[in-house]
Amino acid sequence: MSKFINRENFKYLKIHDKKSSEGDNLTKFNILKHKLVPEHVVLSEEEKRKLLEKYNISEKQLPKILAKDPVVKAIGAKPGDVIKIIRKSPVAGKVIYYRLVIEE
Amino acid sequence: MNWEELNSKFPEAIVEKIKEVVKKYNLSDQQAKKFISIVEEMYEKSKFEPGEAIGVVAAQSISEPATQMTMRTYHVAGAAEIKVTLGLPRLIEIFDARREPSTPMMEIYLKKEYNTKEKAVKFASEIKELVVEDVVKSSVVDILNFQIELILDEAAMKNSRITPEELAKRIKESFKTEVRAGKTKVVVKLKEDIEIKDLHKIKNKILSLQIKGIKGIKQTIVRREGNEWVILTLGSNLKKILEREEVDATRTISNDIHEVANVLGIEAARNLIIREVTKTLEEQGLDVDIRHVLLVADIMTVDGVVKPIGRYGVAGAKGSVLARANFEETIKHLTQAALTGEVDKLESTVENVMINQVVPIGTGMVELIYSPKKKGKK
């Protein structure tokens, strides 16, 4: 009797699952070895001071990286640290870039 | 020869080339010195000058060739039956940093010990997502007996190697109700306290329940690349895939920029933006200098998150009210600024064009500051 309802008619009702972007942060693989991830190094206080002096800037003027970034977590950097990123550039071969770790 | 000195003068790529030339033509120290000074002169000349409007140059260098792109949206890539968004739509998608690309894809590389055709095919079928809907011919809501009947598609069941009992068990586990398995159908008995209007919602939940594989992977294709087997997937779930034992977690990538930013970090997302943009442009036979793409990718990722170019991203985050008002949604920005008493310091280009002042580009960037000396001091 109630078999008039067939699934074709109710396709529009299909509920889409929300895409989970986060979840647990325990990863079984080493993200630092991935080819898209360049080398990240945490600068010491002394190196940081020298860097800011060299470019005559305050640390807020540096590009940012979030504290929740997987690479930051993997190398154990804290907010306030400056990370030196050694990029492979198709034009210049090797380029050094700096990012300041910030919270959200 | 003092190579250390060179490293502070030139980028690595140029140093390498200098070394190569010196070695190839067997230059003496004096010749090498002269050669290096010529290179230095040319290098200094080819750098952009302080105050050069590189942003505008980059924007024009990318968008002019983009106007040449054919408006053809879809294209079947090679023998693989996966449709990929290419050309202008894909370019727009990347620069707008859409939450999800219209065709999320992954390229899965396998570890050496799993790199045979049989193992690749087996792995590909393992990771493909299978939902209840895929093995069900039709489903019926029985309001009288308060149950949902799923008529099974036997051929599909056989293909995916699933028995009705297994299916029933899986549904039972996630819905915590009584489930009976017959030969060609599975009956889900519902709890008494469920309202009739929720029945269809529950039915659809059952139909989209995942039985096997990895969530989000709709289709898999095994392809030979050089001397190894690569799996292409439609749909993406990078984290789950990288966690698998069989996968080479150093090379496997997705084309979803936000997903890569979440799993591998912001620098990886930057690299992916560059890769995807150059790939898209190259496929269309357009020759854009990569430096322009590098600049755009850098701007999109300066703040640690992937920001779109446009109203809600880079252009919307400009410091000056007039610059924002000039771009899009003029009234919104002006009223907002009036309400909050925003100050425009007229420091950037757009607002200075608007009020007919010298723009801070090139020589216009330099300002003179006169600091008079105090009496008595030297």
# chains A, B, ... in the order shown; residues from 1 in each chain; ligands from 1
>>> interface_residues(of="chain B", to="chain A", cutoff="9 Å", atoms="only C-alpha atoms", output="VMD selection string")
chain B and resid 10 to 14 16 138 to 144 200 to 201 204 to 205 207 to 208 216 239 242 to 244 249 to 253 258 to 259 261 to 272 290 to 291 301 to 305
>>> residues_around(residues="range 174-188 of chain B", least_positions_apart="3", cutoff="6 Å", atoms="only C-alpha atoms", output="ChimeraX atom specification")
/B:147-152,164-165,168,171
>>> write_last_selection(atoms="C-alpha atoms", output="CSV table (one decimal), in the first residue's frame")
chain,number,residue,atom,x,y,z
B,147,GLN,CA,9.9,-0.1,8.6
B,148,ILE,CA,12.1,0.6,5.6
B,149,GLU,CA,12.6,-2.1,2.9
B,150,LEU,CA,15.7,-2.1,0.8
B,151,ILE,CA,15.4,-4.1,-2.4
B,152,LEU,CA,19.0,-5.3,-3.2
B,164,PRO,CA,22.9,-9.1,2.7
B,165,GLU,CA,23.9,-10.2,6.2
B,168,ALA,CA,22.3,-5.7,7.7
B,171,ILE,CA,23.2,-0.8,9.2
>>> residues_around(residues="Lys48 in chain A", least_positions_apart="6", cutoff="9 Å", atoms="only C-alpha atoms", output="list in words")
Glu59, Asp81 and Val82 of chain A
>>> residues_around(residues="range 46-52 of chain B", least_positions_apart="6", cutoff="9 Å", atoms="only C-alpha atoms", output="PyMOL selection string")
chain B and resi 360-366
>>> write_last_selection(atoms="N, CA, C and O atoms", output="PDB file, in the first residue's frame")
ATOM      1  N   PRO B 360      51.961  56.709  -4.894  1.00  0.00           N
ATOM      2  CA  PRO B 360      53.235  56.200  -4.375  1.00  0.00           C
ATOM      3  C   PRO B 360      53.763  55.016  -5.181  1.00  0.00           C
ATOM      4  O   PRO B 360      53.816  53.895  -4.719  1.00  0.00           O
ATOM      5  N   ILE B 361      54.123  55.291  -6.423  1.00  0.00           N
ATOM      6  CA  ILE B 361      54.698  54.268  -7.288  1.00  0.00           C
ATOM      7  C   ILE B 361      55.966  54.857  -7.886  1.00  0.00           C
ATOM      8  O   ILE B 361      56.000  56.040  -8.227  1.00  0.00           O
ATOM      9  N   GLY B 362      57.000  54.066  -8.005  1.00  0.00           N
ATOM     10  CA  GLY B 362      58.233  54.533  -8.615  1.00  0.00           C
ATOM     11  C   GLY B 362      58.813  55.712  -7.859  1.00  0.00           C
ATOM     12  O   GLY B 362      58.969  55.673  -6.641  1.00  0.00           O
ATOM     13  N   THR B 363      59.073  56.811  -8.582  1.00  0.00           N
ATOM     14  CA  THR B 363      59.671  57.983  -7.928  1.00  0.00           C
ATOM     15  C   THR B 363      58.693  58.651  -6.973  1.00  0.00           C
ATOM     16  O   THR B 363      59.098  59.397  -6.082  1.00  0.00           O
ATOM     17  N   GLY B 364      57.394  58.382  -7.157  1.00  0.00           N
ATOM     18  CA  GLY B 364      56.387  58.978  -6.285  1.00  0.00           C
ATOM     19  C   GLY B 364      56.429  58.405  -4.882  1.00  0.00           C
ATOM     20  O   GLY B 364      55.802  58.913  -3.962  1.00  0.00           O
ATOM     21  N   MET B 365      57.172  57.296  -4.707  1.00  0.00           N
ATOM     22  CA  MET B 365      57.226  56.647  -3.409  1.00  0.00           C
ATOM     23  C   MET B 365      58.139  57.367  -2.426  1.00  0.00           C
ATOM     24  O   MET B 365      57.998  57.221  -1.224  1.00  0.00           O
ATOM     25  N   VAL B 366      59.080  58.105  -2.992  1.00  0.00           N
ATOM     26  CA  VAL B 366      60.104  58.704  -2.130  1.00  0.00           C
ATOM     27  C   VAL B 366      59.593  59.995  -1.523  1.00  0.00           C
ATOM     28  O   VAL B 366      58.976  60.812  -2.191  1.00  0.00           O
TER      29      VAL B 366
END
>>> residues_around(residues="Asn352 in chain B", least_positions_apart="3", cutoff="12 Å", atoms="only C-alpha atoms", output="compact mmCIF listing (two decimals) with N, CA, C and O atoms, in the first residue's frame")
# COMPACT_ATOMS: atom_id res chain seq x y z
N SER B 320 42.67 50.86 3.16
CA SER B 320 42.02 52.14 2.89
C SER B 320 40.54 51.97 2.52
O SER B 320 40.17 51.10 1.75
N VAL B 321 39.70 52.83 3.10
CA VAL B 321 38.26 52.78 2.81
C VAL B 321 38.01 53.09 1.35
O VAL B 321 37.22 52.43 0.68
N LEU B 322 38.65 54.15 0.86
CA LEU B 322 38.39 54.59 -0.51
C LEU B 322 38.79 53.51 -1.51
O LEU B 322 38.11 53.29 -2.51
N ALA B 323 39.90 52.81 -1.22
CA ALA B 323 40.34 51.75 -2.11
C ALA B 323 39.33 50.62 -2.16
O ALA B 323 39.02 50.09 -3.23
N ASN B 326 36.20 51.74 -3.95
CA ASN B 326 36.45 51.86 -5.37
C ASN B 326 36.32 50.51 -6.07
O ASN B 326 35.99 50.43 -7.24
N ASP B 344 41.12 57.48 6.58
CA ASP B 344 41.88 57.05 5.41
C ASP B 344 43.14 57.91 5.32
O ASP B 344 43.07 59.12 5.19
N LYS B 345 44.28 57.26 5.43
CA LYS B 345 45.51 58.03 5.45
C LYS B 345 46.07 58.31 4.07
O LYS B 345 47.16 58.87 3.94
N LEU B 346 45.37 57.89 3.05
CA LEU B 346 45.79 58.13 1.66
C LEU B 346 47.22 57.67 1.41
O LEU B 346 48.06 58.41 0.92
N GLU B 347 47.48 56.45 1.80
CA GLU B 347 48.84 55.95 1.66
C GLU B 347 49.06 55.11 0.41
O GLU B 347 50.19 54.86 0.01
N SER B 348 47.96 54.62 -0.17
CA SER B 348 48.12 53.66 -1.25
C SER B 348 47.75 54.28 -2.60
O SER B 348 47.47 55.48 -2.69
N THR B 349 47.77 53.47 -3.64
CA THR B 349 47.64 53.99 -5.00
C THR B 349 46.24 54.50 -5.33
O THR B 349 46.07 55.65 -5.72
N ILE B 355 41.81 61.22 -5.63
CA ILE B 355 41.83 62.62 -5.23
C ILE B 355 42.89 63.41 -5.97
O ILE B 355 43.26 64.52 -5.57
N ASN B 356 43.40 62.81 -7.05
CA ASN B 356 44.32 63.52 -7.93
C ASN B 356 45.61 63.96 -7.23
O ASN B 356 46.01 65.11 -7.30
N GLN B 357 46.21 63.02 -6.56
CA GLN B 357 47.52 63.29 -5.96
C GLN B 357 48.56 62.39 -6.61
O GLN B 357 48.21 61.45 -7.31
N VAL B 358 49.81 62.65 -6.32
CA VAL B 358 50.88 61.78 -6.80
C VAL B 358 50.72 60.40 -6.17
O VAL B 358 50.54 60.29 -4.96
N VAL B 359 50.77 59.36 -7.00
CA VAL B 359 50.61 58.01 -6.44
C VAL B 359 51.97 57.48 -5.97
O VAL B 359 53.00 57.78 -6.57
N PRO B 360 51.96 56.71 -4.89
CA PRO B 360 53.23 56.20 -4.37
C PRO B 360 53.76 55.02 -5.18
O PRO B 360 53.82 53.89 -4.72
N ILE B 361 54.12 55.29 -6.42
CA ILE B 361 54.70 54.27 -7.29
C ILE B 361 55.97 54.86 -7.89
O ILE B 361 56.00 56.04 -8.23
N GLY B 364 57.39 58.38 -7.16
CA GLY B 364 56.39 58.98 -6.28
C GLY B 364 56.43 58.40 -4.88
O GLY B 364 55.80 58.91 -3.96
N MET B 365 57.17 57.30 -4.71
CA MET B 365 57.23 56.65 -3.41
C MET B 365 58.14 57.37 -2.43
O MET B 365 58.00 57.22 -1.22
>>> residues_around(residues="Glu276 in chain B", least_positions_apart="6", cutoff="9 Å", atoms="only C-alpha atoms", output="mmCIF file with N, CA and C atoms, in the first residue's frame")
data_model
loop_
_atom_site.group_PDB
_atom_site.id
_atom_site.type_symbol
_atom_site.label_atom_id
_atom_site.label_comp_id
_atom_site.auth_asym_id
_atom_site.auth_seq_id
_atom_site.Cartn_x
_atom_site.Cartn_y
_atom_site.Cartn_z
ATOM 1 N N ARG B 90 38.670 26.718 -14.139
ATOM 2 C CA ARG B 90 39.595 26.203 -13.130
ATOM 3 C C ARG B 90 40.464 27.330 -12.566
ATOM 4 N N LEU B 91 40.901 28.227 -13.445
ATOM 5 C CA LEU B 91 41.737 29.349 -13.027
ATOM 6 C C LEU B 91 40.977 30.227 -12.024
ATOM 7 N N ILE B 94 40.703 28.560 -8.659
ATOM 8 C CA ILE B 94 41.924 28.611 -7.843
ATOM 9 C C ILE B 94 42.072 29.989 -7.198
ATOM 10 N N ASN B 255 44.057 17.982 -5.535
ATOM 11 C CA ASN B 255 44.011 19.307 -6.156
ATOM 12 C C ASN B 255 43.142 20.275 -5.362
#
>>> residues_around(residues="Ile214 in chain B", least_positions_apart="5", cutoff="8 Å", atoms="only C-alpha atoms", output="list in words")
Ile127, Lys128, Glu129, Asn237, Lys240 and Ile241 of chain B
>>> select_by_dssp(residues="range 127-280 of chain B", states="strand (DSSP E)", output="number ranges by chain")
B: 130-131, 136-142, 147-152, 179-181, 185-189, 210-212, 219-225, 228-234, 253-254
>>> atom_distance(atom1="CA of Asp298 in chain B", atom2="CA of Ile274 in chain B")
9.4 Å
>>> atom_distance(atom1="CA of Val247 in chain B", atom2="CA of Val132 in chain B")
26.6 Å
>>> select_by_dssp(residues="range 32-119 of chain B", states="alpha helix (DSSP H)", output="number ranges by chain")
B: 32-46, 54-67, 87-95, 117-119
